[in-house]
Amino acid sequence: MTLRNNTQTWGSMSIALHWLTLILIIGLAVVGSNMDDLPNGPQKIQVYALHKSTGLTVLALTIIRLVWRMFSITPANVDNTPAWQAMIAKLVHGLLYLLLFAMPITGWLYNSAAGFPLKYFGLFSLPKLSGYNPELKALAGEAHETIFYVLALLMLLHAGAALKHHYLDKDNTLTRMLPWLANKPRG
Amino acid sequence: MRALVLLIALYSGNVFSADYAQQAGSSLGFTGSYQGETFHGSFSKFNSSIRFDPAKLAESRFDVRITLASANTKNAERDEMLVGSEFFNAAAQPEARYTASKFRALGKNRFIADGILSLRGVSKSVPLTFSWTPGARPQLQGTAKVQRLDFKVGIGDWDDLELIPNVVTVNTQLLLSPVATPSAKIKPATTKP
């Protein structure tokens, strides 16, 4: 496997960024959906701080991914992909990238409007996107939650399409993003 | 005529000439640190009775009452926590009080009040350094350092000094005007920061 993509398959950089993002998002979703119920205390602050830093990591990874995508080849769709499928795939990929930005940005905005500090894993402080603003805080909080559900839905659609390619079409759409699956017998 | 002046002088002799109440525009703020970031807060409700004459320090008196629930740090979650049982415990003891009767002159209109802060059931000496701008409506600008854990503000898991350091700096600016009848009870004044 090469670092860079080619017309046929994804390189290791794109593959690593893709799966690392997924792992982080699952962690963010599990922690993010439950952290509000924690009893007030320094531990809750630590959990929130971890959620914020992980979200910022996804933001950074998404920027790297987009830059990498811009300067590298994107593998072509498998042969004989119907035009409507290609169009929907392009749309879903575009929306996924958009939401991968919108999630951390709305979280950051929510944090700023609520008046909380923002430190990246305790290493350095990040600027506030707004001053203390209860209305904006409520708005950003709602957006953060709603966008999460839309993102989860799109991710399911994205994963469902990959599984359809793998099990029904029996093409290499999934295995070129998940190479260690390629050597296993196909189901 | 001379007798009348003398009479007034005698009559007012037992009245201290330097009793003041705070006016709108006065402020009482505090600065602390939280998660490594400085934050500012203020009390919108507090009431100061100030008797002060730089020439009569021995007779000077401060009495400041602070409504703890009026604390505002521009963070709804933090403000809620601040009045709660682990911090100010305002439900049990709604007021903090600062009284001073010992004063030292530092020169150039600067003084130290060796006062007592009563907060959350603890009374402890907290020196207040202040400047006094004399006049018909004098101004007092003061600062004090309060060790929050001395007053059990932020107990339990909150005594982590890395998360919330011990020192909280209190700043106040009092715009004062003379009180006509110092013996009368002064109504609590509300000022907005």
# chains A, B, ... in the order shown; residues from 1 in each chain; ligands from 1
call {"tool": "residues_around", "arguments": {"residues": "Asn34 (chain A)", "least_positions_apart": "5", "cutoff": "12 Å", "atoms": "only C-alpha atoms", "output": "CSV table (one decimal) with C-alpha atoms, in the first residue's frame"}}
result
chain,number,residue,atom,x,y,z
A,27,GLY,CA,-16.2,8.1,21.0
A,28,LEU,CA,-17.5,11.6,20.8
A,29,ALA,CA,-21.0,10.4,20.2
A,39,PRO,CA,-23.0,15.0,38.5
A,44,LYS,CA,-17.5,16.4,34.6
A,47,VAL,CA,-15.0,14.7,30.6
A,48,TYR,CA,-16.2,17.8,28.8
A,51,HIS,CA,-14.9,15.7,24.4
call {"tool": "closest_atom_pairs", "arguments": {"of": "chain B", "to": "chain A", "cutoff": "12 Å", "atoms": "only C-alpha atoms", "output": "CSV"}}
result
residue,atom,partner,partner_atom,distance
B:Ser33,CA,A:Pro117,CA,10.3
B:Tyr34,CA,A:Pro117,CA,8.0
B:Gln35,CA,A:Pro117,CA,6.9
B:Gly36,CA,A:Pro117,CA,8.1
B:Glu37,CA,A:Pro117,CA,6.3
B:Thr38,CA,A:Pro117,CA,9.0
B:Phe39,CA,A:Gly115,CA,9.3
B:His40,CA,A:Gly115,CA,10.9
B:Gly41,CA,A:Gly115,CA,11.8
B:Asn72,CA,A:Tyr132,CA,11.5
B:Thr73,CA,A:Gly115,CA,8.6
B:Lys74,CA,A:Tyr132,CA,6.0
B:Asn75,CA,A:Gly115,CA,4.9
B:Ala76,CA,A:Ala114,CA,7.1
B:Glu77,CA,A:Ala114,CA,8.1
B:Arg78,CA,A:Phe116,CA,8.9
B:Asp79,CA,A:Gly115,CA,10.8
B:Glu80,CA,A:Asn40,CA,10.7
B:Met81,CA,A:Asn40,CA,8.3
B:Leu82,CA,A:Asn40,CA,11.7
B:Gly84,CA,A:Asn40,CA,10.8
B:Ser85,CA,A:Asn40,CA,11.8
B:Glu86,CA,A:Gly41,CA,9.8
B:Phe87,CA,A:Gly41,CA,11.6
B:Gly154,CA,A:Gly41,CA,10.2
B:Ile155,CA,A:Gly41,CA,10.4
B:Gly156,CA,A:Gly41,CA,8.8
B:Asp157,CA,A:Pro42,CA,6.4
B:Trp158,CA,A:Pro42,CA,6.4
B:Asp159,CA,A:Pro42,CA,9.5
B:Asp160,CA,A:Pro42,CA,8.2
B:Leu161,CA,A:Pro42,CA,11.1
B:Glu162,CA,A:Pro42,CA,10.6
B:Leu163,CA,A:Pro42,CA,7.7
B:Ile164,CA,A:Pro42,CA,9.8
call {"tool": "write_last_selection", "arguments": {"atoms": "N, CA and C atoms", "output": "mmCIF file, in the first residue's frame"}}
result
data_model
loop_
_atom_site.group_PDB
_atom_site.id
_atom_site.type_symbol
_atom_site.label_atom_id
_atom_site.label_comp_id
_atom_site.auth_asym_id
_atom_site.auth_seq_id
_atom_site.Cartn_x
_atom_site.Cartn_y
_atom_site.Cartn_z
ATOM 1 N N SER B 33 -9.403 32.243 38.678
ATOM 2 C CA SER B 33 -8.969 31.453 37.540
ATOM 3 C C SER B 33 -9.717 30.132 37.575
ATOM 4 N N TYR B 34 -10.057 29.639 36.375
ATOM 5 C CA TYR B 34 -10.861 28.437 36.249
ATOM 6 C C TYR B 34 -10.378 27.711 35.008
ATOM 7 N N GLN B 35 -9.928 26.471 35.192
ATOM 8 C CA GLN B 35 -9.375 25.706 34.068
ATOM 9 C C GLN B 35 -8.269 26.490 33.361
ATOM 10 N N GLY B 36 -7.466 27.170 34.151
ATOM 11 C CA GLY B 36 -6.328 27.881 33.585
ATOM 12 C C GLY B 36 -6.682 29.171 32.879
ATOM 13 N N GLU B 37 -7.952 29.588 32.987
ATOM 14 C CA GLU B 37 -8.338 30.831 32.320
ATOM 15 C C GLU B 37 -8.889 31.816 33.353
ATOM 16 N N THR B 38 -8.437 33.056 33.261
ATOM 17 C CA THR B 38 -8.909 34.096 34.176
ATOM 18 C C THR B 38 -10.373 34.402 33.896
ATOM 19 N N PHE B 39 -11.137 34.547 34.957
ATOM 20 C CA PHE B 39 -12.520 34.978 34.764
ATOM 21 C C PHE B 39 -12.830 36.115 35.718
ATOM 22 N N HIS B 40 -13.782 36.945 35.322
ATOM 23 C CA HIS B 40 -14.194 38.077 36.150
ATOM 24 C C HIS B 40 -15.644 37.898 36.555
ATOM 25 N N GLY B 41 -15.923 38.271 37.752
ATOM 26 C CA GLY B 41 -17.301 38.231 38.223
ATOM 27 C C GLY B 41 -17.616 39.513 38.951
ATOM 28 N N ASN B 72 -22.312 37.269 39.382
ATOM 29 C CA ASN B 72 -22.457 37.028 37.946
ATOM 30 C C ASN B 72 -21.063 36.913 37.329
ATOM 31 N N THR B 73 -20.761 35.730 36.779
ATOM 32 C CA THR B 73 -19.444 35.528 36.158
ATOM 33 C C THR B 73 -19.571 35.332 34.646
ATOM 34 N N LYS B 74 -20.740 35.656 34.116
ATOM 35 C CA LYS B 74 -21.004 35.501 32.678
ATOM 36 C C LYS B 74 -20.820 34.050 32.228
ATOM 37 N N ASN B 75 -21.400 33.167 32.993
ATOM 38 C CA ASN B 75 -21.426 31.749 32.645
ATOM 39 C C ASN B 75 -22.517 31.143 33.518
ATOM 40 N N ALA B 76 -23.667 30.838 32.910
ATOM 41 C CA ALA B 76 -24.853 30.421 33.667
ATOM 42 C C ALA B 76 -24.574 29.205 34.550
ATOM 43 N N GLU B 77 -23.843 28.212 34.007
ATOM 44 C CA GLU B 77 -23.560 26.986 34.767
ATOM 45 C C GLU B 77 -22.684 27.313 35.975
ATOM 46 N N ARG B 78 -21.685 28.157 35.746
ATOM 47 C CA ARG B 78 -20.771 28.499 36.820
ATOM 48 C C ARG B 78 -21.482 29.325 37.894
ATOM 49 N N ASP B 79 -22.361 30.251 37.475
ATOM 50 C CA ASP B 79 -23.079 31.077 38.439
ATOM 51 C C ASP B 79 -23.990 30.230 39.317
ATOM 52 N N GLU B 80 -24.612 29.241 38.697
ATOM 53 C CA GLU B 80 -25.495 28.348 39.437
ATOM 54 C C GLU B 80 -24.688 27.569 40.479
ATOM 55 N N MET B 81 -23.522 27.120 40.042
ATOM 56 C CA MET B 81 -22.640 26.359 40.929
ATOM 57 C C MET B 81 -22.133 27.239 42.072
ATOM 58 N N LEU B 82 -21.853 28.490 41.736
ATOM 59 C CA LEU B 82 -21.255 29.427 42.690
ATOM 60 C C LEU B 82 -22.163 29.683 43.891
ATOM 61 N N GLY B 84 -24.346 27.567 44.903
ATOM 62 C CA GLY B 84 -24.668 26.249 45.466
ATOM 63 C C GLY B 84 -23.894 25.908 46.727
ATOM 64 N N SER B 85 -24.255 24.748 47.283
ATOM 65 C CA SER B 85 -23.761 24.375 48.617
ATOM 66 C C SER B 85 -22.249 24.190 48.677
ATOM 67 N N GLU B 86 -21.618 23.815 47.552
ATOM 68 C CA GLU B 86 -20.177 23.581 47.601
ATOM 69 C C GLU B 86 -19.354 24.870 47.485
ATOM 70 N N PHE B 87 -20.033 25.951 47.058
ATOM 71 C CA PHE B 87 -19.326 27.233 46.951
ATOM 72 C C PHE B 87 -19.879 28.226 47.982
ATOM 73 N N GLY B 154 -15.801 26.373 47.486
ATOM 74 C CA GLY B 154 -15.287 25.352 46.564
ATOM 75 C C GLY B 154 -14.689 24.194 47.346
ATOM 76 N N ILE B 155 -15.582 23.473 48.018
ATOM 77 C CA ILE B 155 -15.099 22.339 48.814
ATOM 78 C C ILE B 155 -15.384 21.037 48.070
ATOM 79 N N GLY B 156 -15.170 19.922 48.749
ATOM 80 C CA GLY B 156 -15.367 18.619 48.117
ATOM 81 C C GLY B 156 -14.329 18.443 47.032
ATOM 82 N N ASP B 157 -14.786 17.994 45.874
ATOM 83 C CA ASP B 157 -13.856 17.776 44.756
ATOM 84 C C ASP B 157 -13.314 19.094 44.199
ATOM 85 N N TRP B 158 -13.956 20.207 44.581
ATOM 86 C CA TRP B 158 -13.585 21.502 44.014
ATOM 87 C C TRP B 158 -12.372 22.130 44.695
ATOM 88 N N ASP B 159 -11.802 21.450 45.707
ATOM 89 C CA ASP B 159 -10.640 22.050 46.372
ATOM 90 C C ASP B 159 -9.359 21.834 45.559
ATOM 91 N N ASP B 160 -9.514 21.350 44.339
ATOM 92 C CA ASP B 160 -8.392 21.159 43.420
ATOM 93 C C ASP B 160 -7.864 22.540 42.991
ATOM 94 N N LEU B 161 -6.673 22.876 43.494
ATOM 95 C CA LEU B 161 -6.148 24.226 43.246
ATOM 96 C C LEU B 161 -5.586 24.402 41.843
ATOM 97 N N GLU B 162 -5.441 23.279 41.130
ATOM 98 C CA GLU B 162 -5.007 23.398 39.743
ATOM 99 C C GLU B 162 -6.183 23.832 38.879
ATOM 100 N N LEU B 163 -7.354 23.361 39.244
ATOM 101 C CA LEU B 163 -8.575 23.713 38.513
ATOM 102 C C LEU B 163 -9.022 25.133 38.887
ATOM 103 N N ILE B 164 -9.073 25.382 40.186
ATOM 104 C CA ILE B 164 -9.455 26.714 40.686
ATOM 105 C C ILE B 164 -8.442 27.117 41.761
#
call {"tool": "closest_atom_pairs", "arguments": {"of": "region 78-123 of chain A", "to": "region 167-181 of chain A", "cutoff": "12 Å", "atoms": "only C-alpha atoms", "output": "Markdown table"}}
result
| residue | atom | partner | partner_atom | distance |
| --- | --- | --- | --- | --- |
| A:Val78 | CA | A:Thr173 | CA | 6.8 |
| A:Asp79 | CA | A:Asp171 | CA | 9.3 |
| A:Asn80 | CA | A:Asp171 | CA | 10.9 |
| A:Thr81 | CA | A:Asp169 | CA | 10.4 |
| A:Ala89 | CA | A:Thr173 | CA | 11.7 |
call {"tool": "select_by_dssp", "arguments": {"residues": "region 60-136 of chain B", "states": "helix (DSSP H, G or I)", "output": "short mmCIF file (atom, residue, chain, number, x, y, z; two decimals) with C-alpha atoms, in the first residue's frame"}}
result
data_model
loop_
_atom_site.label_atom_id
_atom_site.label_comp_id
_atom_site.auth_asym_id
_atom_site.auth_seq_id
_atom_site.Cartn_x
_atom_site.Cartn_y
_atom_site.Cartn_z
CA LEU B 68 -24.07 36.34 47.37
CA ALA B 69 -26.79 35.20 44.97
CA SER B 70 -26.17 38.34 42.90
CA ALA B 76 -24.85 30.42 33.67
CA GLU B 77 -23.56 26.99 34.77
CA ARG B 78 -20.77 28.50 36.82
CA ASP B 79 -23.08 31.08 38.44
CA GLU B 80 -25.49 28.35 39.44
CA MET B 81 -22.64 26.36 40.93
CA LEU B 82 -21.26 29.43 42.69
CA VAL B 83 -24.38 30.00 44.79
#
call {"tool": "residues_around", "arguments": {"residues": "region 67-70 of chain A", "least_positions_apart": "2", "cutoff": "10 Å", "atoms": "only C-alpha atoms", "output": "list in words"}}
result
Arg4, Asn5, Met13, Ser14, Leu17, Leu61, Thr62, Ile63, Ile64, Arg65, Ser72, Ile73 and Thr74 of chain A
call {"tool": "write_last_selection", "arguments": {"atoms": "C-alpha atoms", "output": "tab-separated table (two decimals), in the first residue's frame"}}
result
chain	number	residue	atom	x	y	z
A	4	ARG	CA	-0.77	8.40	-1.79
A	5	ASN	CA	-3.98	7.52	-3.56
A	13	MET	CA	-2.91	8.33	4.39
A	14	SER	CA	-6.53	8.55	3.26
A	17	LEU	CA	-7.62	9.52	8.23
A	61	LEU	CA	-8.18	15.82	10.77
A	62	THR	CA	-10.98	17.01	8.47
A	63	ILE	CA	-8.91	19.99	7.35
A	64	ILE	CA	-5.96	17.66	6.68
A	65	ARG	CA	-8.25	15.27	4.78
A	72	SER	CA	-4.06	13.94	-4.37
A	73	ILE	CA	-6.01	11.75	-6.76
A	74	THR	CA	-9.44	10.52	-5.78
call {"tool": "atom_distance", "arguments": {"atom1": "CA of Ser26 (chain B)", "atom2": "CA of Arg137 (chain B)"}}
result
12.3 Å
call {"tool": "closest_residue", "arguments": {"among": "A:Met1, A:Ala152, A:Leu50, A:Leu99", "to": "Tyr120 (chain A)", "atoms": "only C-alpha atoms"}}
result
A:Leu50
call {"tool": "closest_residue", "arguments": {"among": "A:Leu151, A:Ala83, A:Ala138, A:Ile105", "to": "Leu22 (chain A)", "atoms": "only C-alpha atoms"}}
result
A:Leu151
call {"tool": "select_by_dssp", "arguments": {"residues": "region 21-161 of chain A", "states": "strand (DSSP E or B)", "output": "short mmCIF file (atom, residue, chain, number, x, y, z; two decimals) with N, CA and C atoms, in the first residue's frame"}}
result
data_model
loop_
_atom_site.label_atom_id
_atom_site.label_comp_id
_atom_site.auth_asym_id
_atom_site.auth_seq_id
_atom_site.Cartn_x
_atom_site.Cartn_y
_atom_site.Cartn_z
N LYS A 119 -9.34 24.58 25.98
CA LYS A 119 -7.92 24.25 25.90
C LYS A 119 -7.78 22.93 25.18
N TYR A 120 -6.79 22.84 24.29
CA TYR A 120 -6.58 21.61 23.54
C TYR A 120 -5.75 20.66 24.39
N PHE A 124 -2.82 24.21 25.04
CA PHE A 124 -2.89 25.63 24.68
C PHE A 124 -4.36 26.05 24.56
N SER A 125 -4.58 27.34 24.76
CA SER A 125 -5.95 27.86 24.71
C SER A 125 -6.34 28.23 23.30
#
call {"tool": "residues_around", "arguments": {"residues": "Gln173 (chain B)", "least_positions_apart": "6", "cutoff": "8 Å", "atoms": "only C-alpha atoms", "output": "ChimeraX atom specification"}}
result
/B:26-28,139-142
call {"tool": "atom_distance", "arguments": {"atom1": "CA of Ala144 (chain B)", "atom2": "CA of Thr169 (chain B)"}}
result
5.8 Å
call {"tool": "residues_around", "arguments": {"residues": "Ile26 (chain A)", "least_positions_apart": "6", "cutoff": "12 Å", "atoms": "only C-alpha atoms", "output": "ChimeraX atom specification"}}
result
/A:19-20,32-33,51,54-55,58,148,151-152,155
call {"tool": "atom_distance", "arguments": {"atom1": "CA of Gln147 (chain B)", "atom2": "CA of Val168 (chain B)"}}
result
6.3 Å
